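Enquirer: Sharing protein_10.cif, mmCIF, C-alpha atoms, pLDDT in the B column; chains and numbers go by the auth columns:
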```cif
data_work
loop_
_atom_site.group_PDB
_atom_site.id
_atom_site.type_symbol
_atom_site.label_atom_id
_atom_site.label_comp_id
_atom_site.label_asym_id
_atom_site.label_seq_id
_atom_site.Cartn_x
_atom_site.Cartn_y
_atom_site.Cartn_z
_atom_site.B_iso_or_equiv
_atom_site.auth_seq_id
_atom_site.auth_asym_id
ATOM 1 C CA MET A 1 5.470 20.829 -7.826 53.00 4 U
ATOM 2 C CA ARG A 2 5.693 22.279 -4.341 53.00 5 U
ATOM 3 C CA LYS A 3 6.270 25.778 -3.063 52.00 6 U
ATOM 4 C CA THR A 4 9.006 26.779 -0.679 55.00 7 U
ATOM 5 C CA ARG A 5 9.155 30.379 0.472 61.00 8 U
ATOM 6 C CA GLY A 6 7.430 31.592 -2.660 56.00 9 U
ATOM 7 C CA ARG A 7 9.586 29.588 -5.080 55.00 10 U
ATOM 8 C CA ALA A 8 8.193 26.751 -7.135 52.00 11 U
ATOM 9 C CA ILE A 9 10.328 23.623 -7.036 49.00 12 U
ATOM 10 C CA GLU A 10 9.964 20.883 -9.647 48.00 13 U
ATOM 11 C CA ARG A 11 10.031 17.393 -8.183 47.00 14 U
ATOM 12 C CA SER A 12 9.852 14.053 -9.836 47.00 15 U
ATOM 13 C CA ASP A 13 8.678 11.091 -7.859 45.00 16 U
ATOM 14 C CA ASP A 14 10.208 7.818 -9.017 46.00 17 U
ATOM 15 C CA ARG A 15 7.469 5.873 -7.251 42.00 18 U
ATOM 16 C CA LEU A 16 4.984 7.333 -9.701 39.00 19 U
ATOM 17 C CA GLY A 17 7.122 6.326 -12.658 41.00 20 U
ATOM 18 C CA SER A 18 7.715 9.873 -13.824 42.00 21 U
ATOM 19 C CA PRO A 19 10.798 10.408 -16.008 44.00 22 U
ATOM 20 C CA VAL A 20 13.975 11.459 -14.292 43.00 23 U
ATOM 21 C CA ASP A 21 15.979 14.343 -15.684 44.00 24 U
ATOM 22 C CA LEU A 22 19.657 14.007 -14.794 43.00 25 U
ATOM 23 C CA THR A 23 20.328 17.711 -15.066 43.00 26 U
ATOM 24 C CA GLU A 24 23.976 18.311 -15.756 44.00 27 U
ATOM 25 C CA ARG A 25 25.656 19.966 -12.821 46.00 28 U
ATOM 26 C CA VAL A 26 28.934 21.336 -14.037 47.00 29 U
ATOM 27 C CA LEU A 27 31.554 23.031 -11.904 47.00 30 U
ATOM 28 C CA HIS A 28 34.000 25.305 -13.693 44.00 31 U
ATOM 29 C CA PHE A 29 37.248 26.480 -12.196 46.00 32 U
ATOM 30 C CA ASP A 30 37.330 29.812 -13.974 47.00 33 U
ATOM 31 C CA ASN A 31 35.049 32.840 -14.046 50.00 34 U
ATOM 32 C CA THR A 32 34.264 32.605 -17.766 52.00 35 U
ATOM 33 C CA ASN A 33 31.859 29.702 -17.146 53.00 36 U
ATOM 34 C CA LYS A 34 33.480 27.829 -20.064 59.00 37 U
ATOM 35 C CA PRO A 35 35.734 24.802 -19.749 59.00 38 U
ATOM 36 C CA THR A 36 39.270 25.285 -21.028 62.00 39 U
ATOM 37 C CA ASP A 37 42.207 22.936 -21.561 62.00 40 U
ATOM 38 C CA SER A 38 43.840 24.163 -18.367 60.00 41 U
ATOM 39 C CA ASN A 39 40.511 24.277 -16.451 56.00 42 U
ATOM 40 C CA PRO A 40 38.393 21.292 -17.527 68.00 43 U
ATOM 41 C CA ALA A 41 34.736 21.021 -16.513 78.00 44 U
ATOM 42 C CA ILE A 42 33.906 18.492 -13.803 84.00 45 U
ATOM 43 C CA GLU A 43 30.367 17.149 -13.769 92.00 46 U
ATOM 44 C CA LEU A 44 29.260 16.483 -10.196 95.00 47 U
ATOM 45 C CA LEU A 45 26.298 14.246 -9.374 96.00 48 U
ATOM 46 C CA THR A 46 24.250 13.844 -6.203 97.00 49 U
ATOM 47 C CA VAL A 47 23.571 10.513 -4.472 97.00 50 U
ATOM 48 C CA PRO A 48 20.081 10.112 -6.047 97.00 51 U
ATOM 49 C CA GLU A 49 21.490 10.939 -9.496 97.00 52 U
ATOM 50 C CA VAL A 50 24.243 8.330 -9.086 97.00 53 U
ATOM 51 C CA ALA A 51 21.664 5.783 -7.918 97.00 54 U
ATOM 52 C CA ARG A 52 19.575 6.386 -11.040 97.00 55 U
ATOM 53 C CA LEU A 53 22.643 6.276 -13.269 95.00 56 U
ATOM 54 C CA LEU A 54 23.898 2.966 -11.813 95.00 57 U
ATOM 55 C CA LYS A 55 20.337 1.647 -11.413 96.00 58 U
ATOM 56 C CA ILE A 56 20.814 0.851 -7.721 97.00 59 U
ATOM 57 C CA SER A 57 19.264 2.200 -4.529 97.00 60 U
ATOM 58 C CA THR A 58 20.489 5.335 -2.784 97.00 61 U
ATOM 59 C CA SER A 59 21.504 3.167 0.182 98.00 62 U
ATOM 60 C CA GLY A 60 23.588 1.097 -2.241 97.00 63 U
ATOM 61 C CA VAL A 61 25.376 4.262 -3.363 97.00 64 U
ATOM 62 C CA ARG A 62 25.970 5.254 0.281 97.00 65 U
ATOM 63 C CA ARG A 63 27.352 1.765 0.992 98.00 66 U
ATOM 64 C CA LEU A 64 29.783 1.999 -1.940 97.00 67 U
ATOM 65 C CA GLN A 65 30.784 5.469 -0.758 97.00 68 U
ATOM 66 C CA GLN A 66 31.334 4.386 2.864 96.00 69 U
ATOM 67 C CA GLN A 67 33.395 1.394 1.722 97.00 70 U
ATOM 68 C CA ARG A 68 35.459 3.837 -0.392 96.00 71 U
ATOM 69 C CA GLN A 69 34.743 1.889 -3.587 95.00 72 U
ATOM 70 C CA ILE A 70 33.537 5.040 -5.378 96.00 73 U
ATOM 71 C CA PRO A 71 35.604 8.219 -5.080 96.00 74 U
ATOM 72 C CA PHE A 72 33.614 11.204 -3.855 96.00 75 U
ATOM 73 C CA VAL A 73 33.998 14.909 -3.178 95.00 76 U
ATOM 74 C CA LYS A 74 32.744 16.807 -0.155 95.00 77 U
ATOM 75 C CA VAL A 75 31.288 20.194 -1.076 92.00 78 U
ATOM 76 C CA GLY A 76 30.473 21.873 2.197 92.00 79 U
ATOM 77 C CA GLY A 77 28.440 19.219 3.986 93.00 80 U
ATOM 78 C CA SER A 78 27.263 17.567 0.774 95.00 81 U
ATOM 79 C CA VAL A 79 28.653 14.507 -0.975 96.00 82 U
ATOM 80 C CA ARG A 80 29.105 14.679 -4.750 97.00 83 U
ATOM 81 C CA PHE A 81 30.459 12.217 -7.304 97.00 84 U
ATOM 82 C CA ALA A 82 32.372 13.040 -10.488 96.00 85 U
ATOM 83 C CA ARG A 83 30.876 11.378 -13.568 95.00 86 U
ATOM 84 C CA ASP A 84 34.368 10.377 -14.770 94.00 87 U
ATOM 85 C CA ASP A 85 34.969 8.504 -11.494 95.00 88 U
ATOM 86 C CA LEU A 86 31.707 6.609 -11.980 96.00 89 U
ATOM 87 C CA VAL A 87 32.698 5.622 -15.519 94.00 90 U
ATOM 88 C CA SER A 88 36.023 4.316 -14.161 94.00 91 U
ATOM 89 C CA PHE A 89 34.214 2.444 -11.368 95.00 92 U
ATOM 90 C CA VAL A 90 31.897 0.701 -13.827 95.00 93 U
ATOM 91 C CA ALA A 91 34.857 -0.212 -16.060 94.00 94 U
ATOM 92 C CA ARG A 92 36.661 -1.775 -13.060 94.00 95 U
ATOM 93 C CA GLN A 93 33.570 -3.863 -12.246 94.00 96 U
ATOM 94 C CA ARG A 94 33.472 -5.430 -15.705 94.00 97 U
ATOM 95 C CA VAL A 95 33.718 -9.205 -15.729 94.00 98 U
ATOM 96 C CA ASP A 96 35.013 -10.640 -19.009 93.00 99 U
ATOM 97 C CA ARG A 97 33.565 -13.785 -20.493 92.00 100 U
ATOM 98 C CA VAL A 98 35.291 -17.120 -20.055 91.00 101 U
ATOM 99 C CA GLY A 99 36.822 -18.738 -23.134 81.00 102 U
#
```
The structure given in the file should be rewritten as structure tokens.
Expert:
Amino acid sequence: MRKTRGRAIERSDDRLGSPVDLTERVLHFDNTNKPTDSNPAIELLTVPEVARLLKISTSGVRRLQQQRQIPFVKVGGSVRFARDDLVSFVARQRVDRVG
């Protein structure tokens, strides 16, 4: 835990083998903060979260992003990935068995 301007910030360090909490980051398109049929919830993940999910390095995620193999969203200056897009990406990478 470190302090920044009086606020405590929880950090997990993967090098120490501490568990990683993929906190759900959900963006809603209405003010009720509840997903609806007309306004579905979109779960957005950061680069480190995607790396942990796919079990690859963050530079590997950046490479896939730069090669436009994984769809991404720009939020301000930040890059985010929709969980549904990642599921589709993994499904496209599937190699079926022979025979």
Enquirer: Show which residues sit within 6 Å of stretch 47-61 of chain U, as a list in words. Count only C-alpha atoms, and ignore same-chain residues fewer than 3 positions away.
Expert: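 Contacts, in chain order: Arg28, Val64, Arg83, Phe84 and Ala85 of chain U.
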Enquirer: Give me, please, the distance in Å between atom CA of U:Gln70 and atom CA of U:Arg86, quoted to one decimal.
Expert: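 Interatomic distance here is 18.4 Å.
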Enquirer: Suppose you want the space between atom CA of U:Gln68 and atom CA of U:Phe92; what is it in Å?
Expert: 11.6 Å
Enquirer: Report the distance between atom CA of U:Glu46 and atom CA of U:Asp88 in Å, rounded to one decimal place.
Expert: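 The value is 10.1 Å.
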Enquirer: Counting all atoms listed in the file, which residue out of U:Gly79, U:Gln72, U:Arg65, U:Ala44 sits closest to U:Val93?
Expert: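 That would be U:Gln72, the residue with the smallest distance to U:Val93.
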